Amino acid sequence: MSEILSELATAVIEGNSDDAIDLTEDALDDGLEPQNILDNGLMPGMDHVGVEFRAGNMFVPEVLRSARAMQSAMDVLKPLLVEGGVEMAGKILLGTVKGDMHDIGKNLVGMMCEGAGFEVKDMGKNIAPEDFVTAVKEFNPDIVGMSALLTTTMRSMGHTIKALQEAGLRDQVKVMIGGAPVTQSFADKIGADGYASNAASAVDLAKQFAGV
Amino acid sequence: MTANLTTILSSKTKQVEIYRSRPTVMIGERINPTGRKKVLAALQAGDFDIVRQDAISQVAAGAVVLDVNAGVPGADEPALLKKLMQMVMEVTDVPLCIDTADPEALAAALSVYEGKPLVNSVNGEERALSAVLPLVKEYGAAVIALCMDDDGIPETPEKRLAVAGKIIERAGKLGIPPEDVVVDPLALTMGAESNAGRIALETTALVVKEFGVNVTMGASNISFGLPDRKYINSTFIAMAIHAGLTCPITNPMVSEVMLAVLAADLAMGRDEYAMNWIKAYRARNKK
C-alpha cells in the first residue's frame with residue numbers, strides 16, 4: 001500500500017476531514033484509481049474504526065468524526081466512481097421506526113455502511129411502515145435497516161415487515177434491525193433476517209447479506 | 001423572575017412537595033425495561049421480584065418518587081402497568097411517576113392510583129396534547145411536558161421555551177394550573193451534538209425565568225456513547241440544578257450522581273447545616 005493511502009487511512013481514523021479531502025485529491029493527482037483509493041485508503045481506515053469501537057477503545061464522537069472524514073473524501077470520489085461505472089457493495093435503506101426519535105445508533109450504522117462501500121439512503125427518524133414501503137419501491141434497496149430505542153416503539157419493526165409482506169416486497173430485501181431493547185429472539189419473532197447489537201456488527205451483517 | 005411554583009405529588013400516605021428552595025427531588029428511573037434487557041427478560045418471564053427490589057433499593061438510596069414504565073413489547077401495557085404500580089405501592093409509600101406513551105395504559109394506571117401522581121409525559125404534538133391533558137385534568141395529576149412538538153425537537157433554547165409555553169397554555173385552558181406542569185427541556189446526547197448540554201441548561205434557565213415551573217430531566221442520556229459516564233452525569237446534574245432543575249429522573253443508586261446532587265443542594269443553600277450531606281456520609285460509612 002502506498003504511503004499516501006496509509007496517510008488517508010490515518011486521516012479517517014483521526015477524523016480529520018480536511019486531511020482526508022486533501023489526501024484524496026493528492027492521490028488522484030498521483031494517478032491512483034478512485035476504486036484503489038476507496039479500497040485501500042478509506043475502507044481500511046473505517047474498518048479500523050469499527051474494530052476499535054467494538055473493542056471499547058474508540059467512542060461515539062470519534063466514530064462520528066471518522067465517518068464525517070470518510071464522507072468528505074467520498075464526496076470527492078463518488079462522482080468519479082459513478083463515472084467509472086464502479087459497482088457499490090449494495091443499497092441500504094435506513095430509518096428509525098414510527099414514534100421513535102432516537103437516531104444516533106442509526107446514523108452510525110448509516111455512516112459506517114457507507115464507509116464499507118454501500119450506497120445508503122437514510123430516511124431519518126419516526127418513519128411509518130407505509131413510508132418504508134414507499135421508499136423500498138422508489139429506492140429499490142438490497143437491505144432495509146430499522147432502528148428503535150424504546151420498548152414501546154420496537155413493535156413498529158414488526159408492523160413494517162408485515163407491511164413489506166403485504167406490498168409483496170418482503171422477498172426482495174433483507175431486513176436487519178437494531179437498537180437498545182432489540183434482541184436476536186425479537187428479530188426471529190418478527191421475521192427479520194438479522195440483528196446487530198452495534199454499528200460495527202451491522203456493517204458485518206450487511207456485508208454478509210451482500211456477499212462481499 | 002417569576003415566583004417559584006410548588007408541585008405537590010402524593011401517594012396514599014405520603015406527600016412530596018417540589019419547589020426550588022428545598023433539596024432536589026430524585027425520581028428513580030430504574031423500573032423501566034427500556035434499555036435494561038435484564039428487566040425486560042424478567043417481566044416477559046412474569047418474574048416481578050426485580051421490580052420489588054428496584055423499588056425498595058431506589059427509595060433506600062434516596063429516591064423520593066419512583067418512575068414506573070411497563071413498555072414490554074407484545075404485553076398488554078394497561079394491565080402490566082397497573083400490576084407494576086400496585087406491586088411498587090405494596091413495598092414502598094412514595095408517589096409514582098406513571099411513564100407511558102399509550103393513552104389507554106395511562107387511563108388504566110390513573111384509575112387505580114391513590115393520590116396525585118406525576119404523568120410522564122405529554123409533549124407539544126397535537127395528538128399528545130389532546131390525548132393526555134384531559135386525563136391529567138380528570139384525575140388531578142401533574143404532568144411532565146417535553147419540549148418537542150410536531151416539528152421534532154427544537155434546536156434552540158428559545159424555541160424549546162416556546163413549546164413549553166404552548167403546553168402550559170393548553171394545560172391552563174383545561175384547568176390544569178402551571179404548578180402541575182413540570183417541564184423537561186430534553187437533555188440530548190453530547191457525544192453526538194456537542195451543544196446538547198448547553199442547550200438543555202439554557203432552556204432550563206429560560207423556562208424557570210419565564211414560568212417559574214419545576215423542571216425535570218432524564219439526566220443520563222447526556223453521556224451516551226462516552227467513557228466514564230457517571231462523572232459526566234454527576235457534573236451535569238449539578239450544573240442543571242444550578243440552572244433550575246428540581247426533580248431529575250435518574251438512577252439514585254449511582255453514588256457519584258447522588259453525591260453530586262447532595263453537594264449541589266448544599267451549594268445552593270438548600271441543605272441547612274449540611275444535615276443531608278452529613279446524614280448521607282454516615283449512611284455510606286456505616287457497618
# chains A, B, ... in the order shown; residues from 1 in each chain; ligands from 1
$ residues_around --residues "segment 5-22 of chain A" --least-positions-apart "4" --cutoff "8 Å" --atoms "only C-alpha atoms" --output "VMD selection string"
chain A and resid 1 26 to 27 37 40 to 46 48 to 49 62 to 70 72 to 73 76
$ closest_atom_pairs --of "chain A" --to "chain B" --cutoff "7 Å" --atoms "only C-alpha atoms" --output "CSV"
residue,atom,partner,partner_atom,distance
A:Phe59,CA,B:Leu226,CA,5.8
A:Val60,CA,B:Gly225,CA,4.9
A:Pro61,CA,B:Gly191,CA,4.9
A:Ile104,CA,B:Ala192,CA,6.9
A:Leu150,CA,B:Thr34,CA,5.7
A:Thr151,CA,B:Gly71,CA,5.3
A:Thr152,CA,B:Gly71,CA,5.2
A:Arg155,CA,B:Pro73,CA,6.3
A:Ala180,CA,B:Gly35,CA,5.2
A:Pro181,CA,B:Gly35,CA,5.2
$ residues_around --residues "Leu164 of chain A" --least-positions-apart "5" --cutoff "6 Å" --atoms "only C-alpha atoms" --output "PyMOL selection string"
chain A and resi 133+169-170
$ residues_around --residues "Tyr231 of chain B" --least-positions-apart "4" --cutoff "10 Å" --atoms "only C-alpha atoms" --output "JSON, numbers by chain"
{"B": [223, 227, 235, 236, 237, 256, 257, 260]}
$ residues_around --residues "Met112 of chain A" --least-positions-apart "3" --cutoff "7 Å" --atoms "only C-alpha atoms" --output "list in words"
Ala67, Leu108, Val109, Gly115, Ala116 and Val203 of chain A
$ residues_around --residues "Gly95 of chain A" --least-positions-apart "6" --cutoff "12 Å" --atoms "only C-alpha atoms" --output "PDB file with all heavy atoms, in the first residue's frame"
ATOM      1  N   MET A 101     -37.708   8.855  18.213  1.00  0.00           N
ATOM      2  CA  MET A 101     -36.916   9.995  17.743  1.00  0.00           C
ATOM      3  C   MET A 101     -35.412   9.773  17.930  1.00  0.00           C
ATOM      4  O   MET A 101     -34.617  10.681  17.779  1.00  0.00           O
ATOM      5  CB  MET A 101     -37.325  11.265  18.497  1.00  0.00           C
ATOM      6  CG  MET A 101     -38.807  11.565  18.489  1.00  0.00           C
ATOM      7  SD  MET A 101     -39.437  11.800  16.827  1.00  0.00           S
ATOM      8  CE  MET A 101     -38.973  13.513  16.583  1.00  0.00           C
ATOM      9  N   HIS A 102     -35.018   8.564  18.298  1.00  0.00           N
ATOM     10  CA  HIS A 102     -33.605   8.314  18.601  1.00  0.00           C
ATOM     11  C   HIS A 102     -32.864   7.902  17.336  1.00  0.00           C
ATOM     12  O   HIS A 102     -33.257   6.949  16.674  1.00  0.00           O
ATOM     13  CB  HIS A 102     -33.479   7.218  19.660  1.00  0.00           C
ATOM     14  CG  HIS A 102     -34.114   7.601  20.962  1.00  0.00           C
ATOM     15  ND1 HIS A 102     -35.447   7.414  21.200  1.00  0.00           N
ATOM     16  CD2 HIS A 102     -33.596   8.176  22.066  1.00  0.00           C
ATOM     17  CE1 HIS A 102     -35.733   7.860  22.415  1.00  0.00           C
ATOM     18  NE2 HIS A 102     -34.626   8.327  22.969  1.00  0.00           N
ATOM     19  N   ASP A 103     -31.782   8.604  17.023  1.00  0.00           N
ATOM     20  CA  ASP A 103     -31.155   8.294  15.742  1.00  0.00           C
ATOM     21  C   ASP A 103     -29.627   8.190  15.769  1.00  0.00           C
ATOM     22  O   ASP A 103     -29.016   8.039  14.721  1.00  0.00           O
ATOM     23  CB  ASP A 103     -31.589   9.320  14.685  1.00  0.00           C
ATOM     24  CG  ASP A 103     -31.143  10.729  15.023  1.00  0.00           C
ATOM     25  OD1 ASP A 103     -30.582  10.927  16.112  1.00  0.00           O
ATOM     26  OD2 ASP A 103     -31.362  11.627  14.190  1.00  0.00           O
ATOM     27  N   ILE A 104     -29.032   8.253  16.944  1.00  0.00           N
ATOM     28  CA  ILE A 104     -27.568   8.236  16.970  1.00  0.00           C
ATOM     29  C   ILE A 104     -27.031   6.894  16.443  1.00  0.00           C
ATOM     30  O   ILE A 104     -26.165   6.856  15.571  1.00  0.00           O
ATOM     31  CB  ILE A 104     -27.036   8.496  18.387  1.00  0.00           C
ATOM     32  CG1 ILE A 104     -27.427   9.907  18.824  1.00  0.00           C
ATOM     33  CG2 ILE A 104     -25.519   8.345  18.427  1.00  0.00           C
ATOM     34  CD1 ILE A 104     -27.226  10.161  20.298  1.00  0.00           C
ATOM     35  N   GLY A 105     -27.581   5.806  16.968  1.00  0.00           N
ATOM     36  CA  GLY A 105     -27.122   4.485  16.543  1.00  0.00           C
ATOM     37  C   GLY A 105     -27.383   4.260  15.065  1.00  0.00           C
ATOM     38  O   GLY A 105     -26.516   3.785  14.326  1.00  0.00           O
ATOM     39  N   LYS A 106     -28.575   4.654  14.641  1.00  0.00           N
ATOM     40  CA  LYS A 106     -28.942   4.504  13.227  1.00  0.00           C
ATOM     41  C   LYS A 106     -28.008   5.321  12.335  1.00  0.00           C
ATOM     42  O   LYS A 106     -27.571   4.851  11.283  1.00  0.00           O
ATOM     43  CB  LYS A 106     -30.409   4.916  13.050  1.00  0.00           C
ATOM     44  CG  LYS A 106     -30.984   4.764  11.664  1.00  0.00           C
ATOM     45  CD  LYS A 106     -30.966   6.042  10.881  1.00  0.00           C
ATOM     46  CE  LYS A 106     -31.759   7.142  11.555  1.00  0.00           C
ATOM     47  NZ  LYS A 106     -31.462   8.453  10.953  1.00  0.00           N
ATOM     48  N   ASN A 107     -27.681   6.536  12.759  1.00  0.00           N
ATOM     49  CA  ASN A 107     -26.757   7.366  11.973  1.00  0.00           C
ATOM     50  C   ASN A 107     -25.379   6.717  11.871  1.00  0.00           C
ATOM     51  O   ASN A 107     -24.742   6.740  10.815  1.00  0.00           O
ATOM     52  CB  ASN A 107     -26.613   8.755  12.602  1.00  0.00           C
ATOM     53  CG  ASN A 107     -27.900   9.554  12.524  1.00  0.00           C
ATOM     54  OD1 ASN A 107     -28.820   9.180  11.790  1.00  0.00           O
ATOM     55  ND2 ASN A 107     -27.977  10.629  13.278  1.00  0.00           N
ATOM     56  N   LEU A 108     -24.941   6.131  12.986  1.00  0.00           N
ATOM     57  CA  LEU A 108     -23.643   5.444  12.973  1.00  0.00           C
ATOM     58  C   LEU A 108     -23.656   4.296  11.972  1.00  0.00           C
ATOM     59  O   LEU A 108     -22.716   4.115  11.198  1.00  0.00           O
ATOM     60  CB  LEU A 108     -23.312   4.888  14.358  1.00  0.00           C
ATOM     61  CG  LEU A 108     -22.780   5.867  15.394  1.00  0.00           C
ATOM     62  CD1 LEU A 108     -22.610   5.141  16.729  1.00  0.00           C
ATOM     63  CD2 LEU A 108     -21.444   6.442  14.950  1.00  0.00           C
ATOM     64  N   VAL A 109     -24.740   3.521  12.011  1.00  0.00           N
ATOM     65  CA  VAL A 109     -24.859   2.395  11.081  1.00  0.00           C
ATOM     66  C   VAL A 109     -24.771   2.909   9.643  1.00  0.00           C
ATOM     67  O   VAL A 109     -24.039   2.363   8.812  1.00  0.00           O
ATOM     68  CB  VAL A 109     -26.186   1.631  11.307  1.00  0.00           C
ATOM     69  CG1 VAL A 109     -26.421   0.618  10.185  1.00  0.00           C
ATOM     70  CG2 VAL A 109     -26.170   0.917  12.653  1.00  0.00           C
ATOM     71  N   GLY A 110     -25.501   3.982   9.367  1.00  0.00           N
ATOM     72  CA  GLY A 110     -25.523   4.529   8.013  1.00  0.00           C
ATOM     73  C   GLY A 110     -24.143   4.952   7.556  1.00  0.00           C
ATOM     74  O   GLY A 110     -23.688   4.604   6.460  1.00  0.00           O
ATOM     75  N   VAL A 120     -26.157   4.277   0.773  1.00  0.00           N
ATOM     76  CA  VAL A 120     -27.108   4.315   1.887  1.00  0.00           C
ATOM     77  C   VAL A 120     -28.104   5.445   1.703  1.00  0.00           C
ATOM     78  O   VAL A 120     -27.731   6.585   1.422  1.00  0.00           O
ATOM     79  CB  VAL A 120     -26.362   4.516   3.231  1.00  0.00           C
ATOM     80  CG1 VAL A 120     -27.355   4.673   4.379  1.00  0.00           C
ATOM     81  CG2 VAL A 120     -25.423   3.343   3.499  1.00  0.00           C
ATOM     82  N   LYS A 121     -29.377   5.108   1.847  1.00  0.00           N
ATOM     83  CA  LYS A 121     -30.398   6.158   1.908  1.00  0.00           C
ATOM     84  C   LYS A 121     -30.981   6.154   3.315  1.00  0.00           C
ATOM     85  O   LYS A 121     -31.573   5.170   3.757  1.00  0.00           O
ATOM     86  CB  LYS A 121     -31.496   5.897   0.872  1.00  0.00           C
ATOM     87  CG  LYS A 121     -32.526   7.027   0.835  1.00  0.00           C
ATOM     88  CD  LYS A 121     -33.550   6.765  -0.277  1.00  0.00           C
ATOM     89  CE  LYS A 121     -34.728   7.718  -0.198  1.00  0.00           C
ATOM     90  NZ  LYS A 121     -34.364   9.109  -0.534  1.00  0.00           N
ATOM     91  N   ASP A 122     -30.769   7.255   4.014  1.00  0.00           N
ATOM     92  CA  ASP A 122     -31.226   7.357   5.397  1.00  0.00           C
ATOM     93  C   ASP A 122     -32.503   8.182   5.425  1.00  0.00           C
ATOM     94  O   ASP A 122     -32.500   9.366   5.107  1.00  0.00           O
ATOM     95  CB  ASP A 122     -30.123   8.031   6.233  1.00  0.00           C
ATOM     96  CG  ASP A 122     -30.457   8.070   7.714  1.00  0.00           C
ATOM     97  OD1 ASP A 122     -31.650   7.858   8.070  1.00  0.00           O
ATOM     98  OD2 ASP A 122     -29.540   8.301   8.513  1.00  0.00           O
ATOM     99  N   MET A 123     -33.606   7.552   5.826  1.00  0.00           N
ATOM    100  CA  MET A 123     -34.891   8.256   5.808  1.00  0.00           C
ATOM    101  C   MET A 123     -35.086   9.141   7.030  1.00  0.00           C
ATOM    102  O   MET A 123     -36.054   9.892   7.107  1.00  0.00           O
ATOM    103  CB  MET A 123     -36.041   7.243   5.744  1.00  0.00           C
ATOM    104  CG  MET A 123     -35.986   6.340   4.530  1.00  0.00           C
ATOM    105  SD  MET A 123     -37.288   5.089   4.632  1.00  0.00           S
ATOM    106  CE  MET A 123     -38.736   6.102   4.356  1.00  0.00           C
ATOM    107  N   GLY A 124     -34.225   8.981   8.034  1.00  0.00           N
ATOM    108  CA  GLY A 124     -34.374   9.796   9.241  1.00  0.00           C
ATOM    109  C   GLY A 124     -35.090   9.030  10.341  1.00  0.00           C
ATOM    110  O   GLY A 124     -34.996   7.807  10.424  1.00  0.00           O
ATOM    111  N   LYS A 125     -35.839   9.760  11.185  1.00  0.00           N
ATOM    112  CA  LYS A 125     -36.499   9.120  12.323  1.00  0.00           C
ATOM    113  C   LYS A 125     -37.999   9.228  12.233  1.00  0.00           C
ATOM    114  O   LYS A 125     -38.519   9.959  11.394  1.00  0.00           O
ATOM    115  CB  LYS A 125     -35.980   9.749  13.618  1.00  0.00           C
ATOM    116  CG  LYS A 125     -35.995  11.259  13.631  1.00  0.00           C
ATOM    117  CD  LYS A 125     -35.038  11.802  14.706  1.00  0.00           C
ATOM    118  CE  LYS A 125     -35.028  13.326  14.646  1.00  0.00           C
ATOM    119  NZ  LYS A 125     -34.050  13.937  15.532  1.00  0.00           N
ATOM    120  N   ASN A 126     -38.692   8.467  13.102  1.00  0.00           N
ATOM    121  CA  ASN A 126     -40.157   8.481  13.143  1.00  0.00           C
ATOM    122  C   ASN A 126     -40.747   8.094  11.778  1.00  0.00           C
ATOM    123  O   ASN A 126     -41.602   8.794  11.242  1.00  0.00           O
ATOM    124  CB  ASN A 126     -40.627   9.891  13.579  1.00  0.00           C
ATOM    125  CG  ASN A 126     -42.107   9.929  13.921  1.00  0.00           C
ATOM    126  OD1 ASN A 126     -42.738   8.894  14.155  1.00  0.00           O
ATOM    127  ND2 ASN A 126     -42.673  11.125  13.924  1.00  0.00           N
ATOM    128  N   ILE A 127     -40.271   6.974  11.224  1.00  0.00           N
ATOM    129  CA  ILE A 127     -40.684   6.546   9.877  1.00  0.00           C
ATOM    130  C   ILE A 127     -41.764   5.458   9.976  1.00  0.00           C
ATOM    131  O   ILE A 127     -41.538   4.388  10.535  1.00  0.00           O
ATOM    132  CB  ILE A 127     -39.482   6.001   9.081  1.00  0.00           C
ATOM    133  CG1 ILE A 127     -38.340   7.026   9.032  1.00  0.00           C
ATOM    134  CG2 ILE A 127     -39.913   5.605   7.661  1.00  0.00           C
ATOM    135  CD1 ILE A 127     -38.672   8.341   8.376  1.00  0.00           C
ATOM    136  N   ALA A 128     -42.918   5.743   9.409  1.00  0.00           N
ATOM    137  CA  ALA A 128     -44.055   4.816   9.466  1.00  0.00           C
ATOM    138  C   ALA A 128     -43.858   3.658   8.488  1.00  0.00           C
ATOM    139  O   ALA A 128     -43.150   3.803   7.491  1.00  0.00           O
ATOM    140  CB  ALA A 128     -45.339   5.567   9.131  1.00  0.00           C
ATOM    141  N   PRO A 129     -44.480   2.497   8.786  1.00  0.00           N
ATOM    142  CA  PRO A 129     -44.356   1.332   7.904  1.00  0.00           C
ATOM    143  C   PRO A 129     -44.652   1.672   6.448  1.00  0.00           C
ATOM    144  O   PRO A 129     -43.912   1.261   5.548  1.00  0.00           O
ATOM    145  CB  PRO A 129     -45.399   0.358   8.465  1.00  0.00           C
ATOM    146  CG  PRO A 129     -45.480   0.699   9.913  1.00  0.00           C
ATOM    147  CD  PRO A 129     -45.272   2.186   9.994  1.00  0.00           C
ATOM    148  N   ASP A 131     -44.293   4.400   4.919  1.00  0.00           N
ATOM    149  CA  ASP A 131     -43.223   5.192   4.315  1.00  0.00           C
ATOM    150  C   ASP A 131     -42.019   4.319   3.945  1.00  0.00           C
ATOM    151  O   ASP A 131     -41.343   4.569   2.948  1.00  0.00           O
ATOM    152  CB  ASP A 131     -42.792   6.322   5.260  1.00  0.00           C
ATOM    153  CG  ASP A 131     -43.923   7.329   5.473  1.00  0.00           C
ATOM    154  OD1 ASP A 131     -44.733   7.494   4.544  1.00  0.00           O
ATOM    155  OD2 ASP A 131     -44.008   7.915   6.562  1.00  0.00           O
ATOM    156  N   PHE A 132     -41.773   3.292   4.771  1.00  0.00           N
ATOM    157  CA  PHE A 132     -40.730   2.323   4.399  1.00  0.00           C
ATOM    158  C   PHE A 132     -41.120   1.645   3.082  1.00  0.00           C
ATOM    159  O   PHE A 132     -40.290   1.475   2.183  1.00  0.00           O
ATOM    160  CB  PHE A 132     -40.572   1.257   5.495  1.00  0.00           C
ATOM    161  CG  PHE A 132     -39.597   1.624   6.589  1.00  0.00           C
ATOM    162  CD1 PHE A 132     -40.048   2.018   7.841  1.00  0.00           C
ATOM    163  CD2 PHE A 132     -38.223   1.578   6.364  1.00  0.00           C
ATOM    164  CE1 PHE A 132     -39.148   2.353   8.856  1.00  0.00           C
ATOM    165  CE2 PHE A 132     -37.318   1.915   7.365  1.00  0.00           C
ATOM    166  CZ  PHE A 132     -37.784   2.303   8.620  1.00  0.00           C
ATOM    167  N   VAL A 133     -42.386   1.261   2.985  1.00  0.00           N
ATOM    168  CA  VAL A 133     -42.848   0.570   1.772  1.00  0.00           C
ATOM    169  C   VAL A 133     -42.633   1.451   0.539  1.00  0.00           C
ATOM    170  O   VAL A 133     -42.075   1.016  -0.469  1.00  0.00           O
ATOM    171  CB  VAL A 133     -44.337   0.175   1.909  1.00  0.00           C
ATOM    172  CG1 VAL A 133     -44.905  -0.283   0.565  1.00  0.00           C
ATOM    173  CG2 VAL A 133     -44.484  -0.936   2.952  1.00  0.00           C
ATOM    174  N   ALA A 135     -40.596   3.904   0.158  1.00  0.00           N
ATOM    175  CA  ALA A 135     -39.170   4.109  -0.103  1.00  0.00           C
ATOM    176  C   ALA A 135     -38.535   2.861  -0.726  1.00  0.00           C
ATOM    177  O   ALA A 135     -37.644   2.966  -1.573  1.00  0.00           O
ATOM    178  CB  ALA A 135     -38.453   4.490   1.184  1.00  0.00           C
ATOM    179  N   VAL A 136     -38.990   1.677  -0.310  1.00  0.00           N
ATOM    180  CA  VAL A 136     -38.454   0.450  -0.909  1.00  0.00           C
ATOM    181  C   VAL A 136     -38.800   0.414  -2.401  1.00  0.00           C
ATOM    182  O   VAL A 136     -37.971   0.070  -3.242  1.00  0.00           O
ATOM    183  CB  VAL A 136     -38.996  -0.808  -0.187  1.00  0.00           C
ATOM    184  CG1 VAL A 136     -38.700  -2.077  -0.997  1.00  0.00           C
ATOM    185  CG2 VAL A 136     -38.376  -0.925   1.197  1.00  0.00           C
ATOM    186  N   ILE A 143     -31.100  -4.040   1.161  1.00  0.00           N
ATOM    187  CA  ILE A 143     -31.233  -4.236   2.608  1.00  0.00           C
ATOM    188  C   ILE A 143     -32.068  -3.095   3.197  1.00  0.00           C
ATOM    189  O   ILE A 143     -31.892  -1.935   2.821  1.00  0.00           O
ATOM    190  CB  ILE A 143     -29.845  -4.231   3.289  1.00  0.00           C
ATOM    191  CG1 ILE A 143     -28.987  -5.389   2.737  1.00  0.00           C
ATOM    192  CG2 ILE A 143     -29.970  -4.322   4.807  1.00  0.00           C
ATOM    193  CD1 ILE A 143     -27.526  -5.303   3.134  1.00  0.00           C
ATOM    194  N   VAL A 144     -32.976  -3.461   4.120  1.00  0.00           N
ATOM    195  CA  VAL A 144     -33.697  -2.442   4.886  1.00  0.00           C
ATOM    196  C   VAL A 144     -33.244  -2.551   6.336  1.00  0.00           C
ATOM    197  O   VAL A 144     -33.305  -3.626   6.934  1.00  0.00           O
ATOM    198  CB  VAL A 144     -35.229  -2.648   4.796  1.00  0.00           C
ATOM    199  CG1 VAL A 144     -35.953  -1.671   5.725  1.00  0.00           C
ATOM    200  CG2 VAL A 144     -35.714  -2.473   3.364  1.00  0.00           C
ATOM    201  N   GLY A 145     -32.767  -1.449   6.879  1.00  0.00           N
ATOM    202  CA  GLY A 145     -32.325  -1.439   8.278  1.00  0.00           C
ATOM    203  C   GLY A 145     -33.247  -0.588   9.113  1.00  0.00           C
ATOM    204  O   GLY A 145     -33.558   0.543   8.761  1.00  0.00           O
ATOM    205  N   MET A 146     -33.720  -1.154  10.251  1.00  0.00           N
ATOM    206  CA  MET A 146     -34.617  -0.390  11.134  1.00  0.00           C
ATOM    207  C   MET A 146     -34.012  -0.305  12.521  1.00  0.00           C
ATOM    208  O   MET A 146     -33.403  -1.248  13.013  1.00  0.00           O
ATOM    209  CB  MET A 146     -35.973  -1.086  11.230  1.00  0.00           C
ATOM    210  CG  MET A 146     -36.810  -0.974   9.984  1.00  0.00           C
ATOM    211  SD  MET A 146     -38.439  -1.698  10.266  1.00  0.00           S
ATOM    212  CE  MET A 146     -38.101  -3.428   9.988  1.00  0.00           C
ATOM    213  N   SER A 147     -34.251   0.857  13.159  1.00  0.00           N
ATOM    214  CA  SER A 147     -33.737   1.078  14.494  1.00  0.00           C
ATOM    215  C   SER A 147     -34.854   1.548  15.413  1.00  0.00           C
ATOM    216  O   SER A 147     -35.781   2.239  14.977  1.00  0.00           O
ATOM    217  CB  SER A 147     -32.629   2.145  14.420  1.00  0.00           C
ATOM    218  OG  SER A 147     -32.257   2.562  15.710  1.00  0.00           O
ATOM    219  N   ALA A 148     -34.775   1.151  16.690  1.00  0.00           N
ATOM    220  CA  ALA A 148     -35.706   1.642  17.716  1.00  0.00           C
ATOM    221  C   ALA A 148     -34.988   1.624  19.060  1.00  0.00           C
ATOM    222  O   ALA A 148     -34.244   0.688  19.354  1.00  0.00           O
ATOM    223  CB  ALA A 148     -36.953   0.772  17.792  1.00  0.00           C
ATOM    224  N   SER A 156     -43.117  -1.521  16.079  1.00  0.00           N
ATOM    225  CA  SER A 156     -43.323  -0.959  14.735  1.00  0.00           C
ATOM    226  C   SER A 156     -42.433  -1.646  13.702  1.00  0.00           C
ATOM    227  O   SER A 156     -42.734  -1.642  12.510  1.00  0.00           O
ATOM    228  CB  SER A 156     -43.068   0.550  14.756  1.00  0.00           C
ATOM    229  OG  SER A 156     -43.297   1.103  13.497  1.00  0.00           O
ATOM    230  N   MET A 157     -41.333  -2.262  14.171  1.00  0.00           N
ATOM    231  CA  MET A 157     -40.477  -3.016  13.255  1.00  0.00           C
ATOM    232  C   MET A 157     -41.250  -4.184  12.658  1.00  0.00           C
ATOM    233  O   MET A 157     -41.155  -4.464  11.463  1.00  0.00           O
ATOM    234  CB  MET A 157     -39.258  -3.552  14.001  1.00  0.00           C
ATOM    235  CG  MET A 157     -38.322  -2.470  14.468  1.00  0.00           C
ATOM    236  SD  MET A 157     -37.013  -3.199  15.487  1.00  0.00           S
ATOM    237  CE  MET A 157     -35.826  -1.865  15.425  1.00  0.00           C
ATOM    238  N   THR A 160     -43.696  -2.956  10.148  1.00  0.00           N
ATOM    239  CA  THR A 160     -43.056  -2.608   8.874  1.00  0.00           C
ATOM    240  C   THR A 160     -42.802  -3.866   8.043  1.00  0.00           C
ATOM    241  O   THR A 160     -43.046  -3.884   6.833  1.00  0.00           O
ATOM    242  CB  THR A 160     -41.741  -1.854   9.128  1.00  0.00           C
ATOM    243  OG1 THR A 160     -42.018  -0.701   9.920  1.00  0.00           O
ATOM    244  CG2 THR A 160     -41.109  -1.414   7.813  1.00  0.00           C
ATOM    245  N   VAL A 175     -33.907  -7.763   5.777  1.00  0.00           N
ATOM    246  CA  VAL A 175     -34.243  -6.807   6.830  1.00  0.00           C
ATOM    247  C   VAL A 175     -33.318  -7.013   8.023  1.00  0.00           C
ATOM    248  O   VAL A 175     -33.200  -8.127   8.544  1.00  0.00           O
ATOM    249  CB  VAL A 175     -35.715  -6.971   7.286  1.00  0.00           C
ATOM    250  CG1 VAL A 175     -36.008  -6.049   8.473  1.00  0.00           C
ATOM    251  CG2 VAL A 175     -36.670  -6.671   6.131  1.00  0.00           C
ATOM    252  N   MET A 176     -32.640  -5.942   8.417  1.00  0.00           N
ATOM    253  CA  MET A 176     -31.833  -6.032   9.633  1.00  0.00           C
ATOM    254  C   MET A 176     -32.295  -4.979  10.638  1.00  0.00           C
ATOM    255  O   MET A 176     -32.735  -3.894  10.249  1.00  0.00           O
ATOM    256  CB  MET A 176     -30.340  -5.896   9.338  1.00  0.00           C
ATOM    257  CG  MET A 176     -29.890  -4.593   8.721  1.00  0.00           C
ATOM    258  SD  MET A 176     -28.078  -4.648   8.475  1.00  0.00           S
ATOM    259  CE  MET A 176     -27.728  -2.930   8.148  1.00  0.00           C
ATOM    260  N   ILE A 177     -32.245  -5.344  11.914  1.00  0.00           N
ATOM    261  CA  ILE A 177     -32.762  -4.434  12.939  1.00  0.00           C
ATOM    262  C   ILE A 177     -31.762  -4.288  14.083  1.00  0.00           C
ATOM    263  O   ILE A 177     -30.881  -5.129  14.281  1.00  0.00           O
ATOM    264  CB  ILE A 177     -34.126  -4.913  13.498  1.00  0.00           C
ATOM    265  CG1 ILE A 177     -33.999  -6.262  14.208  1.00  0.00           C
ATOM    266  CG2 ILE A 177     -35.155  -4.996  12.382  1.00  0.00           C
ATOM    267  CD1 ILE A 177     -35.271  -6.704  14.924  1.00  0.00           C
ATOM    268  N   GLY A 178     -31.916  -3.194  14.825  1.00  0.00           N
ATOM    269  CA  GLY A 178     -31.056  -2.973  15.977  1.00  0.00           C
ATOM    270  C   GLY A 178     -31.617  -1.887  16.866  1.00  0.00           C
ATOM    271  O   GLY A 178     -32.638  -1.273  16.551  1.00  0.00           O
ATOM    272  N   GLY A 179     -30.956  -1.661  17.997  1.00  0.00           N
ATOM    273  CA  GLY A 179     -31.412  -0.677  18.978  1.00  0.00           C
ATOM    274  C   GLY A 179     -31.376  -1.279  20.362  1.00  0.00           C
ATOM    275  O   GLY A 179     -31.425  -2.510  20.503  1.00  0.00           O
TER     276      GLY A 179
END
$ select_by_dssp --residues "segment 160-260 of chain B" --states "strand (DSSP E)" --output "MDAnalysis selection string"
chainID B and resid 181:184 249:250
$ residues_around --residues "Pro34 of chain A" --least-positions-apart "2" --cutoff "12 Å" --atoms "only C-alpha atoms" --output "PyMOL selection string"
chain A and resi 5+24-32+36-42+73-86
$ select_by_dssp --residues "segment 161-190 of chain A" --states "alpha helix (DSSP H)" --output "ChimeraX atom specification"
/A:161-166,184-190
$ closest_residue --among "B:Lys209, B:His242, B:Arg282, B:Lys137" --to "Ala263 of chain B" --atoms "only C-alpha atoms"
B:His242
